[in-house]
Amino acid sequence: MLKRLLVSEFNTWCRLDAMKAAGKQISRVYVTRRIPPEGMRILQESRICEIEQWDSDDPVPRGELLKKVAGIQGLYCLLTENIDEEVLKAAGPSLKVVSTMSVGYDHLSLDALKKRGIRLGYTPDVLTEAVAELTVALLLATSRRLIEAVDEAKNGGWGTWKPLWMCGNGLTQSTVGILGLGRIGVAIAKRLKPFGVKKFLYTDVGPRPEVAATISAEFVSLDVLAQQSDFITVCCALTPETQGICDNRLFSKMKNNAVFINTSRGAVVNQEDLYQALLNGQIGAAGLDVTVPEPLPIDHPLFKLKNCVILPHIASATVETRNAMAALAAKNLLAGLKGEALPKEVPL
């Protein structure tokens, strides 16, 4: 109760302080979650915002969101909020800019935003390094069976040394396939190269020779990528073309000891097909940082497989990265309110 009172008083102070900014237009802004401090600091110190916030680590309830967006000029959201026609209609014609603290923007209705002339900011680039680091960590944890090994050590399965026990697959002299060669895909490859990877393959909507040259990667079809890769890491955006692209057709062409890693979007993978491929030994192992839905129910069949490592969507979870994302989202929002160029804007 005391915490809520203090939060309420703090938000009131923010509104009053903003209104004292003589000669400046005050814009109403709604922030849909408790965000890293750097982002909130930038918004508050701008003194052009009357800020209202859903002060929780959990997503704002849909009904609350629809109520609070009414009459706002700026919306600061996360990828957990579905910003669709209904939300934009509830906001009304005053809404100028939506800023999402994420790289992906498949949770937003681009057509509805474009129709209303609402600008959209997002946060690419700042999380590339963190996601690449986590992808490599997940790949190693999956291929070297680290989670399984920790469980064995804890539950008494650690007996005498055995030559074949807990053996996984190494990166030395391997072929790594990258599905979607963007900034993150390149950053992953650069981190994997020192492990002795022999060859990098990639597939995308088309060849990207200049980008590929930085990591000496070869453009191939998705089928060839599946057939030749010892490790496949998925780094593509979620689009109508990529939704469910990793399905039985892909898994059936992969090596039976291949390792599949996804840190992009859960919907890129057909999870039922992945489950069957892992269960039947069609592929060796999988590591996932993203699923459908999120969170994945604890009774989901994938959790029961020893050859599947599942993380709770933490690829960008470093203090530095989350603060940088929050700051960029705040700067995008403020630029939109002022009618200036957004630092990172999605073209609509």
# chains A, B, ... in the order shown; residues from 1 in each chain; ligands from 1

$ residues_around --residues "Asp204 (chain A)" --least-positions-apart "6" --cutoff "7 Å" --atoms "only C-alpha atoms" --output "NGL selection string"
:A and (179-181)

$ select_by_dssp --residues "region 104-278 of chain A" --states "helix (DSSP H, G or I)" --output "PyMOL selection string"
chain A and resi 110-116+128-143+146-155+183-195+209-213+222-228+248-251+266-268+271-278

$ residues_around --residues "Leu43 (chain A)" --least-positions-apart "2" --cutoff "9 Å" --atoms "only C-alpha atoms" --output "list in words"
Glu38, Gly39, Met40, Arg41, Glu45, Ser46, Arg47, Ile48, Cys49, Ile51, Ala327, Ala330, Lys331, Leu333 and Leu334 of chain A

$ write_last_selection --atoms "N, CA and C atoms" --output "PDB file, in the first residue's frame"
ATOM      1  N   GLU A  38      17.443   4.140 -17.003  1.00  0.00           N
ATOM      2  CA  GLU A  38      17.965   5.110 -17.956  1.00  0.00           C
ATOM      3  C   GLU A  38      16.861   5.632 -18.874  1.00  0.00           C
ATOM      4  N   GLY A  39      15.967   4.757 -19.260  1.00  0.00           N
ATOM      5  CA  GLY A  39      14.861   5.189 -20.112  1.00  0.00           C
ATOM      6  C   GLY A  39      13.939   6.160 -19.408  1.00  0.00           C
ATOM      7  N   MET A  40      13.579   5.860 -18.163  1.00  0.00           N
ATOM      8  CA  MET A  40      12.688   6.741 -17.417  1.00  0.00           C
ATOM      9  C   MET A  40      13.366   8.076 -17.117  1.00  0.00           C
ATOM     10  N   ARG A  41      14.664   8.042 -16.848  1.00  0.00           N
ATOM     11  CA  ARG A  41      15.394   9.283 -16.571  1.00  0.00           C
ATOM     12  C   ARG A  41      15.324  10.230 -17.769  1.00  0.00           C
ATOM     13  N   GLU A  45      13.582  13.894 -17.556  1.00  0.00           N
ATOM     14  CA  GLU A  45      14.419  15.080 -17.695  1.00  0.00           C
ATOM     15  C   GLU A  45      14.116  15.890 -18.952  1.00  0.00           C
ATOM     16  N   SER A  46      13.342  15.329 -19.869  1.00  0.00           N
ATOM     17  CA  SER A  46      12.960  16.073 -21.067  1.00  0.00           C
ATOM     18  C   SER A  46      12.023  17.224 -20.722  1.00  0.00           C
ATOM     19  N   ARG A  47      11.251  17.060 -19.654  1.00  0.00           N
ATOM     20  CA  ARG A  47      10.291  18.069 -19.184  1.00  0.00           C
ATOM     21  C   ARG A  47       9.255  18.456 -20.236  1.00  0.00           C
ATOM     22  N   ILE A  48       8.990  17.559 -21.155  1.00  0.00           N
ATOM     23  CA  ILE A  48       7.919  17.815 -22.122  1.00  0.00           C
ATOM     24  C   ILE A  48       6.813  16.772 -22.002  1.00  0.00           C
ATOM     25  N   CYS A  49       6.945  15.882 -20.986  1.00  0.00           N
ATOM     26  CA  CYS A  49       6.014  14.768 -20.860  1.00  0.00           C
ATOM     27  C   CYS A  49       5.258  14.779 -19.536  1.00  0.00           C
ATOM     28  N   ILE A  51       3.903  11.894 -17.647  1.00  0.00           N
ATOM     29  CA  ILE A  51       4.109  10.443 -17.756  1.00  0.00           C
ATOM     30  C   ILE A  51       3.166   9.681 -16.843  1.00  0.00           C
ATOM     31  N   ALA A 327      16.807   3.514 -23.141  1.00  0.00           N
ATOM     32  CA  ALA A 327      17.205   4.875 -23.500  1.00  0.00           C
ATOM     33  C   ALA A 327      16.857   5.189 -24.953  1.00  0.00           C
ATOM     34  N   ALA A 330      13.188   5.690 -25.362  1.00  0.00           N
ATOM     35  CA  ALA A 330      12.795   6.997 -24.835  1.00  0.00           C
ATOM     36  C   ALA A 330      13.139   8.108 -25.823  1.00  0.00           C
ATOM     37  N   LYS A 331      14.317   8.034 -26.413  1.00  0.00           N
ATOM     38  CA  LYS A 331      14.737   9.057 -27.378  1.00  0.00           C
ATOM     39  C   LYS A 331      13.859   9.030 -28.626  1.00  0.00           C
ATOM     40  N   LEU A 333      10.727   8.136 -28.686  1.00  0.00           N
ATOM     41  CA  LEU A 333       9.441   8.693 -28.280  1.00  0.00           C
ATOM     42  C   LEU A 333       9.494  10.221 -28.246  1.00  0.00           C
ATOM     43  N   LEU A 334      10.526  10.775 -27.624  1.00  0.00           N
ATOM     44  CA  LEU A 334      10.643  12.225 -27.496  1.00  0.00           C
ATOM     45  C   LEU A 334      10.793  12.888 -28.868  1.00  0.00           C
TER      46      LEU A 334
END

$ closest_residue --among "A:Gly244, A:Gly185, A:Gly104, A:Pro297" --to "Asp273 (chain A)" --atoms "only C-alpha atoms"
A:Gly244

$ residues_around --residues "region 151-161 of chain A" --least-positions-apart "6" --cutoff "12 Å" --atoms "only C-alpha atoms" --output "mmCIF file with C-alpha atoms, in the first residue's frame"
data_model
loop_
_atom_site.group_PDB
_atom_site.id
_atom_site.type_symbol
_atom_site.label_atom_id
_atom_site.label_comp_id
_atom_site.auth_asym_id
_atom_site.auth_seq_id
_atom_site.Cartn_x
_atom_site.Cartn_y
_atom_site.Cartn_z
ATOM 1 C CA ARG A 145 24.904 -31.168 -22.725
ATOM 2 C CA CYS A 167 29.662 -36.792 -24.826
ATOM 3 C CA LYS A 306 16.879 -34.173 -22.231
#

$ closest_atom_pairs --of "region 167-268 of chain A" --to "region 307-315 of chain A" --cutoff "10 Å" --atoms "only C-alpha atoms" --output "tab-separated table"
residue	atom	partner	partner_atom	distance
A:Val259	CA	A:Asn307	CA	9.4
A:Phe260	CA	A:Cys308	CA	9.4
A:Ile261	CA	A:Val309	CA	9.3
A:Asn262	CA	A:Ile310	CA	9.8
A:Thr263	CA	A:Ala315	CA	6.9
A:Ser264	CA	A:Ala315	CA	9.1
A:Arg265	CA	A:His313	CA	9.4
A:Gly266	CA	A:His313	CA	9.6

$ residues_around --residues "Asp57 (chain A)" --least-positions-apart "2" --cutoff "10 Å" --atoms "only C-alpha atoms" --output "ChimeraX atom specification"
/A:32-35,54-55,59-60

$ write_last_selection --atoms "N, CA and C atoms" --output "PDB file, in the first residue's frame"
ATOM      1  N   THR A  32       3.999   1.335 -20.715  1.00  0.00           N
ATOM      2  CA  THR A  32       3.224   0.132 -20.403  1.00  0.00           C
ATOM      3  C   THR A  32       3.879  -0.826 -19.411  1.00  0.00           C
ATOM      4  N   ARG A  33       5.032  -0.460 -18.872  1.00  0.00           N
ATOM      5  CA  ARG A  33       5.709  -1.380 -17.951  1.00  0.00           C
ATOM      6  C   ARG A  33       6.734  -0.621 -17.121  1.00  0.00           C
ATOM      7  N   ARG A  34       7.199  -1.234 -16.065  1.00  0.00           N
ATOM      8  CA  ARG A  34       8.368  -0.731 -15.339  1.00  0.00           C
ATOM      9  C   ARG A  34       9.585  -0.970 -16.240  1.00  0.00           C
ATOM     10  N   ILE A  35      10.302   0.082 -16.567  1.00  0.00           N
ATOM     11  CA  ILE A  35      11.407  -0.021 -17.523  1.00  0.00           C
ATOM     12  C   ILE A  35      12.735   0.301 -16.833  1.00  0.00           C
ATOM     13  N   TRP A  54       2.432   1.945 -16.108  1.00  0.00           N
ATOM     14  CA  TRP A  54       2.001   0.717 -15.440  1.00  0.00           C
ATOM     15  C   TRP A  54       3.221   0.215 -14.670  1.00  0.00           C
ATOM     16  N   ASP A  55       3.253   0.490 -13.381  1.00  0.00           N
ATOM     17  CA  ASP A  55       4.454   0.274 -12.578  1.00  0.00           C
ATOM     18  C   ASP A  55       4.520  -1.159 -12.058  1.00  0.00           C
ATOM     19  N   PRO A  59       3.087  -7.636 -17.515  1.00  0.00           N
ATOM     20  CA  PRO A  59       2.421  -6.855 -18.568  1.00  0.00           C
ATOM     21  C   PRO A  59       1.154  -6.162 -18.069  1.00  0.00           C
ATOM     22  N   VAL A  60       0.861  -5.028 -18.646  1.00  0.00           N
ATOM     23  CA  VAL A  60      -0.353  -4.300 -18.326  1.00  0.00           C
ATOM     24  C   VAL A  60      -1.564  -5.097 -18.821  1.00  0.00           C
TER      25      VAL A  60
END

$ residues_around --residues "Ala91 (chain A)" --least-positions-apart "6" --cutoff "10 Å" --atoms "only C-alpha atoms" --output "list in words"
Leu65, Leu66, Lys67, Lys68, Val69, Ala70, Gly71, Ile72, Gln73, Gly74, Leu75 and Glu85 of chain A

$ write_last_selection --atoms "all heavy atoms" --output "PDB file, in the first residue's frame"
ATOM      1  N   LEU A  65      -4.823  -1.132 -20.401  1.00  0.00           N
ATOM      2  CA  LEU A  65      -4.148  -0.497 -21.530  1.00  0.00           C
ATOM      3  C   LEU A  65      -5.139   0.309 -22.368  1.00  0.00           C
ATOM      4  O   LEU A  65      -4.876   1.469 -22.716  1.00  0.00           O
ATOM      5  CB  LEU A  65      -3.469  -1.559 -22.399  1.00  0.00           C
ATOM      6  CG  LEU A  65      -2.790  -1.079 -23.682  1.00  0.00           C
ATOM      7  CD1 LEU A  65      -1.649  -0.125 -23.374  1.00  0.00           C
ATOM      8  CD2 LEU A  65      -2.288  -2.270 -24.504  1.00  0.00           C
ATOM      9  N   LEU A  66      -6.273  -0.288 -22.680  1.00  0.00           N
ATOM     10  CA  LEU A  66      -7.267   0.386 -23.503  1.00  0.00           C
ATOM     11  C   LEU A  66      -7.797   1.647 -22.819  1.00  0.00           C
ATOM     12  O   LEU A  66      -8.099   2.647 -23.481  1.00  0.00           O
ATOM     13  CB  LEU A  66      -8.423  -0.565 -23.819  1.00  0.00           C
ATOM     14  CG  LEU A  66      -8.087  -1.742 -24.744  1.00  0.00           C
ATOM     15  CD1 LEU A  66      -9.249  -2.712 -24.822  1.00  0.00           C
ATOM     16  CD2 LEU A  66      -7.719  -1.239 -26.139  1.00  0.00           C
ATOM     17  N   LYS A  67      -7.880   1.597 -21.507  1.00  0.00           N
ATOM     18  CA  LYS A  67      -8.379   2.748 -20.756  1.00  0.00           C
ATOM     19  C   LYS A  67      -7.327   3.856 -20.696  1.00  0.00           C
ATOM     20  O   LYS A  67      -7.631   5.038 -20.887  1.00  0.00           O
ATOM     21  CB  LYS A  67      -8.757   2.307 -19.342  1.00  0.00           C
ATOM     22  CG  LYS A  67      -9.305   3.422 -18.464  1.00  0.00           C
ATOM     23  CD  LYS A  67      -9.820   2.883 -17.140  1.00  0.00           C
ATOM     24  CE  LYS A  67      -8.671   2.353 -16.286  1.00  0.00           C
ATOM     25  NZ  LYS A  67      -9.125   1.934 -14.939  1.00  0.00           N
ATOM     26  N   LYS A  68      -6.078   3.498 -20.451  1.00  0.00           N
ATOM     27  CA  LYS A  68      -5.039   4.491 -20.200  1.00  0.00           C
ATOM     28  C   LYS A  68      -4.513   5.178 -21.456  1.00  0.00           C
ATOM     29  O   LYS A  68      -3.934   6.261 -21.371  1.00  0.00           O
ATOM     30  CB  LYS A  68      -3.873   3.838 -19.450  1.00  0.00           C
ATOM     31  CG  LYS A  68      -4.211   3.396 -18.032  1.00  0.00           C
ATOM     32  CD  LYS A  68      -4.583   4.571 -17.147  1.00  0.00           C
ATOM     33  CE  LYS A  68      -4.800   4.145 -15.710  1.00  0.00           C
ATOM     34  NZ  LYS A  68      -5.171   5.290 -14.845  1.00  0.00           N
ATOM     35  N   VAL A  69      -4.677   4.563 -22.610  1.00  0.00           N
ATOM     36  CA  VAL A  69      -4.138   5.179 -23.825  1.00  0.00           C
ATOM     37  C   VAL A  69      -5.024   6.309 -24.359  1.00  0.00           C
ATOM     38  O   VAL A  69      -4.592   7.061 -25.238  1.00  0.00           O
ATOM     39  CB  VAL A  69      -3.904   4.144 -24.948  1.00  0.00           C
ATOM     40  CG1 VAL A  69      -2.860   3.130 -24.535  1.00  0.00           C
ATOM     41  CG2 VAL A  69      -5.200   3.467 -25.375  1.00  0.00           C
ATOM     42  N   ALA A  70      -6.222   6.419 -23.842  1.00  0.00           N
ATOM     43  CA  ALA A  70      -7.152   7.426 -24.362  1.00  0.00           C
ATOM     44  C   ALA A  70      -6.561   8.838 -24.267  1.00  0.00           C
ATOM     45  O   ALA A  70      -6.181   9.295 -23.186  1.00  0.00           O
ATOM     46  CB  ALA A  70      -8.466   7.360 -23.595  1.00  0.00           C
ATOM     47  N   GLY A  71      -6.433   9.497 -25.404  1.00  0.00           N
ATOM     48  CA  GLY A  71      -5.991  10.880 -25.431  1.00  0.00           C
ATOM     49  C   GLY A  71      -4.496  11.109 -25.318  1.00  0.00           C
ATOM     50  O   GLY A  71      -4.049  12.251 -25.235  1.00  0.00           O
ATOM     51  N   ILE A  72      -3.700  10.047 -25.335  1.00  0.00           N
ATOM     52  CA  ILE A  72      -2.251  10.229 -25.208  1.00  0.00           C
ATOM     53  C   ILE A  72      -1.642  10.673 -26.535  1.00  0.00           C
ATOM     54  O   ILE A  72      -2.223  10.479 -27.604  1.00  0.00           O
ATOM     55  CB  ILE A  72      -1.545   8.934 -24.739  1.00  0.00           C
ATOM     56  CG1 ILE A  72      -1.722   7.794 -25.762  1.00  0.00           C
ATOM     57  CG2 ILE A  72      -2.009   8.528 -23.351  1.00  0.00           C
ATOM     58  CD1 ILE A  72      -0.886   6.570 -25.472  1.00  0.00           C
ATOM     59  N   GLN A  73      -0.454  11.290 -26.444  1.00  0.00           N
ATOM     60  CA  GLN A  73       0.299  11.661 -27.649  1.00  0.00           C
ATOM     61  C   GLN A  73       1.434  10.683 -27.941  1.00  0.00           C
ATOM     62  O   GLN A  73       1.878  10.554 -29.074  1.00  0.00           O
ATOM     63  CB  GLN A  73       0.903  13.072 -27.486  1.00  0.00           C
ATOM     64  CG  GLN A  73      -0.091  14.214 -27.647  1.00  0.00           C
ATOM     65  CD  GLN A  73      -0.980  14.393 -26.432  1.00  0.00           C
ATOM     66  OE1 GLN A  73      -0.502  14.440 -25.303  1.00  0.00           O
ATOM     67  NE2 GLN A  73      -2.274  14.487 -26.660  1.00  0.00           N
ATOM     68  N   GLY A  74       1.926   9.988 -26.898  1.00  0.00           N
ATOM     69  CA  GLY A  74       3.028   9.056 -27.075  1.00  0.00           C
ATOM     70  C   GLY A  74       2.802   7.762 -26.304  1.00  0.00           C
ATOM     71  O   GLY A  74       2.322   7.794 -25.170  1.00  0.00           O
ATOM     72  N   LEU A  75       3.152   6.632 -26.921  1.00  0.00           N
ATOM     73  CA  LEU A  75       3.008   5.327 -26.279  1.00  0.00           C
ATOM     74  C   LEU A  75       4.358   4.621 -26.279  1.00  0.00           C
ATOM     75  O   LEU A  75       4.965   4.417 -27.328  1.00  0.00           O
ATOM     76  CB  LEU A  75       1.979   4.470 -27.013  1.00  0.00           C
ATOM     77  CG  LEU A  75       1.775   3.045 -26.501  1.00  0.00           C
ATOM     78  CD1 LEU A  75       1.265   3.049 -25.065  1.00  0.00           C
ATOM     79  CD2 LEU A  75       0.806   2.274 -27.403  1.00  0.00           C
ATOM     80  N   GLU A  85      -5.454  -2.412 -34.001  1.00  0.00           N
ATOM     81  CA  GLU A  85      -6.500  -1.449 -34.347  1.00  0.00           C
ATOM     82  C   GLU A  85      -7.300  -1.020 -33.125  1.00  0.00           C
ATOM     83  O   GLU A  85      -7.621   0.167 -32.964  1.00  0.00           O
ATOM     84  CB  GLU A  85      -7.428  -2.068 -35.396  1.00  0.00           C
ATOM     85  CG  GLU A  85      -8.552  -1.166 -35.868  1.00  0.00           C
ATOM     86  CD  GLU A  85      -8.088  -0.095 -36.833  1.00  0.00           C
ATOM     87  OE1 GLU A  85      -7.141  -0.342 -37.597  1.00  0.00           O
ATOM     88  OE2 GLU A  85      -8.679   1.003 -36.810  1.00  0.00           O
TER      89      GLU A  85
END

$ closest_residue --among "A:Leu201, A:Gly339, A:Leu279, A:Ser143" --to "Asn257 (chain A)" --atoms "only C-alpha atoms"
A:Ser143

$ residues_around --residues "Thr242 (chain A)" --least-positions-apart "5" --cutoff "8 Å" --atoms "only C-alpha atoms" --output "list in words"
Cys236, Ala237 and Val268 of chain A

$ write_last_selection --atoms "C-alpha atoms" --output "PDB file, in the first residue's frame"
ATOM      1  CA  CYS A 236      15.804 -14.074 -38.920  1.00  0.00           C
ATOM      2  CA  ALA A 237      12.936 -11.685 -38.294  1.00  0.00           C
ATOM      3  CA  VAL A 268       9.619 -19.163 -36.747  1.00  0.00           C
TER       4      VAL A 268
END
